[in-house]
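Trainee: Would you mind keeping the following structure in view while I ask a few things?
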Amino acid sequence: MSKKRIAVIGAGSSGLTSIKCCLEEGLEPVCFEGTDDIGGLWRFQENPEEGRASIYKSVIINTSKEMMCFSDYLIPDHYPNFMHNSHVLEYFRLYAKEFDLLKYIRFKTTVCTVRKRPDFPTSGQWDVVTKSEGKEEVNIFDGVMVCTGHHTNAHLPLESFPGIEKFKGQYFHSREYKNPQVFTGKRVIIIGIGNSGGDLAVEISHTAKQVFLSTRRGAWILNRVGDHGYPFDTVLSSRFSYFLKKIISLSLINAFLEKKMNERFDHEMFGLKPKHRALGQHPTINDDLPNRVISGMVKVKGNVKEFTETAAVFEDGSREDDIDAVIFATGYSFSFPFLDDSVKVVKNKISLYKKVFPPNLEKPTLAIIGLIQPLGAIMPISELQARWATQIFKGLKTLPSQSEMMAEISKAQEEIEKRYVESPRHTIQGDYVDTMEELADLVGVRPNLLSLAFSDPKLALQLFWGPCTPIHYRLQGPGKWDGARKAILATDNRIRKPMMTRVIERNNSTTSGMTMVKVMLAIAFFAIIIAYF
């Protein structure tokens with residue numbers, strides 16, 4: 001019996017792991033990549049191709065290496081916890097080399113159309129039309145994995161800013177920004193306080209005469225350095241936190257997080273405090289913004305009401321004259337122009353079961369991978385999505401009925417709308433641990449904490465109190481990795497290693513204090529396990 005052929009569209013992080021997942025399930029992947037290299041969003045280019053994701057030269061990733069690695073291939077120990085984009089790309093190159101993925105990729109090949117074959121209701125097959133060097137080709141595939149991401153189509157809402165057409169300075173979307181030197185001595189407005197807006201405000205403020213950061217709603221600012229110097233996402237993303245969310249109200253969690261963030265700096269005093277709660281919007285992660293605000297190099301302003309030829313008038317009535325440039329850090333929209341009517345996107349909203357499968361197909365042979373905006377890393381979520389999708393393609397797992405999937409999609413959408421501020425940015429939100437645990441259940445790789453509490457208490461303790469890293473999902477079930485246990489128990493060492501570049505004598509009293517803390521955590525863990533299960 002011949003292997004099922006799977007088309008993988010895109011060779012970024014989601015595409016690479018999808019190729020590997022296909023191979024693990026004995027499927028035959030063919031990946032189509034429009035450019036001449038892998039990496040997608042994380043491959044910096046001065047002049048990126050149209051329709052391709054783009055980053056600026058200084059970008060450092062907002063998720064730490066322990067939380068963003070693929071589950072059976074660790075990021076090198078000496079790499080920093082928060083990596084520059086060049087390190088991220090290098091890791092993807094190492095991953096592709098380790099698992100020999102490049103030979104399955106057809107570079108400089110654009111996917112023009114993906115359409116159902118006439119016998120799709122029985123075969124589930126697709127005609128995939130591609131173009132390379134001006135020549136079109138049609139191939140038949142048993143399944144399709146769309147891995148094109150959601151940072152490609154710049155959202156530039158000029159209609160919301162009257163007078164911008166009269167403005168004599170330069171204005172453009174943040175996608176086009178590359179370095180701060182061109183703004184030396186200038187007065188610049190950044191519109192939008194997401195991660196890109198915050199980063200650009202900080203970076204440009206080092207060369208500009210003055211930077212104004214304009215925001216409609218304000219934002220809660222998280223920094224990468226969490227409690228005791230640990231990466232913030234390793235502190236926040238544990239099963240203990242996941243457990244607390246189930247027994248404590250969202251209001252109390254919001255209050256706790258807001259108190260923590262205001263201890264660093266008072267968001268109201270800095271003009272940043274939003275009306276929404278901490279978990280009501282995707283947070284902005286920025287270590288340096290408060291420092292630039294307190295030094296006056298960045299001034300936080302409200303929403304722009306209108307532009308004149310040389311000035312911006314804000315909704316509070318204030319005005320800033322002699323503006324040289326405006327950068328719109330207003331996010332992205334996503335679409336799939338090569339797909340037929342199988343998937344519809346309306347105002348950045350899309351109906352997908354578990355954010356992966358369209359519910360309306362006769363056969364579940366189309367999967368969208370990585371179309372999620374998590375409070376955490378996308379890469380390991382994409383990997384679990386791909387592990388699940390390839391199990392479905394192979395027939396090892398099945399999907400519920402269409403009506404059950406639609407009900408689940410509606411429920412998930414209602415929860416998003418209830419929790420988050422209404423915005424195109426929040427249509428594909430998901431919490432990291434919740435999403436990973438849910439997908440792991442579907443794949444059959446969620447660790448059994450109750451069993452491990454008795455058979456391997458040391459490991460169980462780490463799984464519960466420590467960061468919920470992707471490696472957890474290689475301990476048991478399909479795709480089990482023999483090195484997973486050792487890697488999980490060494491998590492703390494890997495976090496510390498790249499920073500400990502100077503030899504310091506350890507304090508014995510500190511060590512004994514930490515031992516006592518571990519004992520107390522162990523007691524608490526077993527009490528929770530017994531009560532909860």
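Ordering of the structure tokens sets the chain letters (A, B, ...); residue numbers start at 1 within each chain; ligands are numbered from 1 in the order shown.
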From a backbone DSSP assignment, name each residue in region 107-268 of chain A labelled helix (DSSP H, G or I), as a ChimeraX atom specification.
Mentor: /A:120-123,158-160,164-166,174-176,181-183,195-204,227-229,232-236,239-247,250-264
Trainee: Residues at most 10 Å from Lys178 (chain A), counting only C-alpha atoms, excluding those fewer than 6 positions away in the same chain, as an MDAnalysis selection string?
Mentor: chainID A and resid 44:47 54:59 200
Trainee: If you take only C-alpha atoms and a cut-off of 6 Å, which residues of region 164-227 of chain A touch region 284-306 of chain A, and what are their nearest atom pairs and distances in Å to one decimal, in chain and number order, as a Markdown table?
Mentor:
| residue | atom | partner | partner_atom | distance |
| --- | --- | --- | --- | --- |
| A:Gly194 | CA | A:Thr284 | CA | 5.4 |
| A:Asn195 | CA | A:Thr284 | CA | 5.1 |
| A:Val202 | CA | A:Leu289 | CA | 5.9 |
| A:Ser205 | CA | A:Met297 | CA | 5.7 |
| A:Gln210 | CA | A:Met297 | CA | 5.9 |
| A:Val211 | CA | A:Val298 | CA | 4.9 |
| A:Phe212 | CA | A:Lys299 | CA | 4.8 |
| A:Leu213 | CA | A:Val300 | CA | 4.8 |
| A:Ser214 | CA | A:Lys301 | CA | 4.7 |
| A:Thr215 | CA | A:Gly302 | CA | 5.1 |
| A:Arg216 | CA | A:Asn303 | CA | 4.7 |
| A:Ile221 | CA | A:Thr284 | CA | 5.0 |
| A:Leu222 | CA | A:Ile285 | CA | 4.7 |
| A:Asn223 | CA | A:Asp287 | CA | 4.7 |
Trainee: Write a file of the just-selected residues containing N, CA, C and O atoms, as a PDB file, in the first residue's frame.
Mentor:
ATOM      1  N   GLY A 194       1.139  47.226  20.855  1.00  0.00           N
ATOM      2  CA  GLY A 194       1.435  45.799  20.925  1.00  0.00           C
ATOM      3  C   GLY A 194       2.939  45.612  21.039  1.00  0.00           C
ATOM      4  O   GLY A 194       3.693  46.562  21.280  1.00  0.00           O
ATOM      5  N   ASN A 195       3.395  44.391  20.845  1.00  0.00           N
ATOM      6  CA  ASN A 195       4.828  44.123  20.991  1.00  0.00           C
ATOM      7  C   ASN A 195       5.672  44.886  19.979  1.00  0.00           C
ATOM      8  O   ASN A 195       6.743  45.396  20.323  1.00  0.00           O
ATOM      9  N   VAL A 202      10.848  52.050  21.781  1.00  0.00           N
ATOM     10  CA  VAL A 202      12.089  51.994  22.554  1.00  0.00           C
ATOM     11  C   VAL A 202      13.301  52.164  21.643  1.00  0.00           C
ATOM     12  O   VAL A 202      14.192  52.986  21.913  1.00  0.00           O
ATOM     13  N   SER A 205      13.665  55.626  19.996  1.00  0.00           N
ATOM     14  CA  SER A 205      13.909  56.701  20.964  1.00  0.00           C
ATOM     15  C   SER A 205      15.393  56.909  21.234  1.00  0.00           C
ATOM     16  O   SER A 205      15.792  57.944  21.759  1.00  0.00           O
ATOM     17  N   GLN A 210      12.379  62.922  19.566  1.00  0.00           N
ATOM     18  CA  GLN A 210      11.282  62.585  20.477  1.00  0.00           C
ATOM     19  C   GLN A 210      10.399  61.525  19.844  1.00  0.00           C
ATOM     20  O   GLN A 210      10.102  61.589  18.653  1.00  0.00           O
ATOM     21  N   VAL A 211       9.983  60.549  20.663  1.00  0.00           N
ATOM     22  CA  VAL A 211       9.042  59.530  20.205  1.00  0.00           C
ATOM     23  C   VAL A 211       7.751  59.667  21.006  1.00  0.00           C
ATOM     24  O   VAL A 211       7.773  59.826  22.232  1.00  0.00           O
ATOM     25  N   PHE A 212       6.625  59.614  20.299  1.00  0.00           N
ATOM     26  CA  PHE A 212       5.301  59.610  20.919  1.00  0.00           C
ATOM     27  C   PHE A 212       4.675  58.249  20.658  1.00  0.00           C
ATOM     28  O   PHE A 212       4.607  57.804  19.511  1.00  0.00           O
ATOM     29  N   LEU A 213       4.223  57.584  21.709  1.00  0.00           N
ATOM     30  CA  LEU A 213       3.588  56.273  21.575  1.00  0.00           C
ATOM     31  C   LEU A 213       2.096  56.448  21.774  1.00  0.00           C
ATOM     32  O   LEU A 213       1.627  56.719  22.881  1.00  0.00           O
ATOM     33  N   SER A 214       1.342  56.287  20.695  1.00  0.00           N
ATOM     34  CA  SER A 214      -0.104  56.532  20.705  1.00  0.00           C
ATOM     35  C   SER A 214      -0.862  55.221  20.894  1.00  0.00           C
ATOM     36  O   SER A 214      -0.627  54.246  20.190  1.00  0.00           O
ATOM     37  N   THR A 215      -1.791  55.218  21.868  1.00  0.00           N
ATOM     38  CA  THR A 215      -2.561  54.005  22.150  1.00  0.00           C
ATOM     39  C   THR A 215      -4.020  54.335  22.408  1.00  0.00           C
ATOM     40  O   THR A 215      -4.324  55.303  23.116  1.00  0.00           O
ATOM     41  N   ARG A 216      -4.899  53.545  21.841  1.00  0.00           N
ATOM     42  CA  ARG A 216      -6.338  53.740  22.072  1.00  0.00           C
ATOM     43  C   ARG A 216      -6.734  53.322  23.474  1.00  0.00           C
ATOM     44  O   ARG A 216      -7.540  53.957  24.135  1.00  0.00           O
ATOM     45  N   ILE A 221       2.083  45.942  30.810  1.00  0.00           N
ATOM     46  CA  ILE A 221       3.421  45.652  30.308  1.00  0.00           C
ATOM     47  C   ILE A 221       4.085  44.574  31.157  1.00  0.00           C
ATOM     48  O   ILE A 221       4.302  44.750  32.358  1.00  0.00           O
ATOM     49  N   LEU A 222       4.403  43.458  30.528  1.00  0.00           N
ATOM     50  CA  LEU A 222       5.167  42.391  31.166  1.00  0.00           C
ATOM     51  C   LEU A 222       6.630  42.520  30.772  1.00  0.00           C
ATOM     52  O   LEU A 222       6.934  42.967  29.658  1.00  0.00           O
ATOM     53  N   ASN A 223       7.534  42.134  31.659  1.00  0.00           N
ATOM     54  CA  ASN A 223       8.932  42.100  31.247  1.00  0.00           C
ATOM     55  C   ASN A 223       9.442  40.676  31.202  1.00  0.00           C
ATOM     56  O   ASN A 223       8.887  39.783  31.838  1.00  0.00           O
TER      57      ASN A 223
END
Trainee: Produce a table with one row for each residue of region 284-373 of chain A that has an atom at most 10 Å from any atom of region 431-438 of chain A, each row naming the nearest atom pair and its distance in Å at one decimal; use only C-alpha atoms; arrange rows by chain and rising residue number; format as a tab-separated table.
Mentor:
residue	atom	partner	partner_atom	distance
A:Lys354	CA	A:Glu438	CA	8.8
A:Lys355	CA	A:Thr435	CA	9.9
A:Ile372	CA	A:Asp431	CA	9.7
A:Gln373	CA	A:Asp431	CA	8.5
Trainee: Between A:His151, A:Met67, A:Gly134, A:Leu461, single out the one closest to Ser333 (chain A), counting only C-alpha atoms.
Mentor: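 Closest candidate: A:His151.
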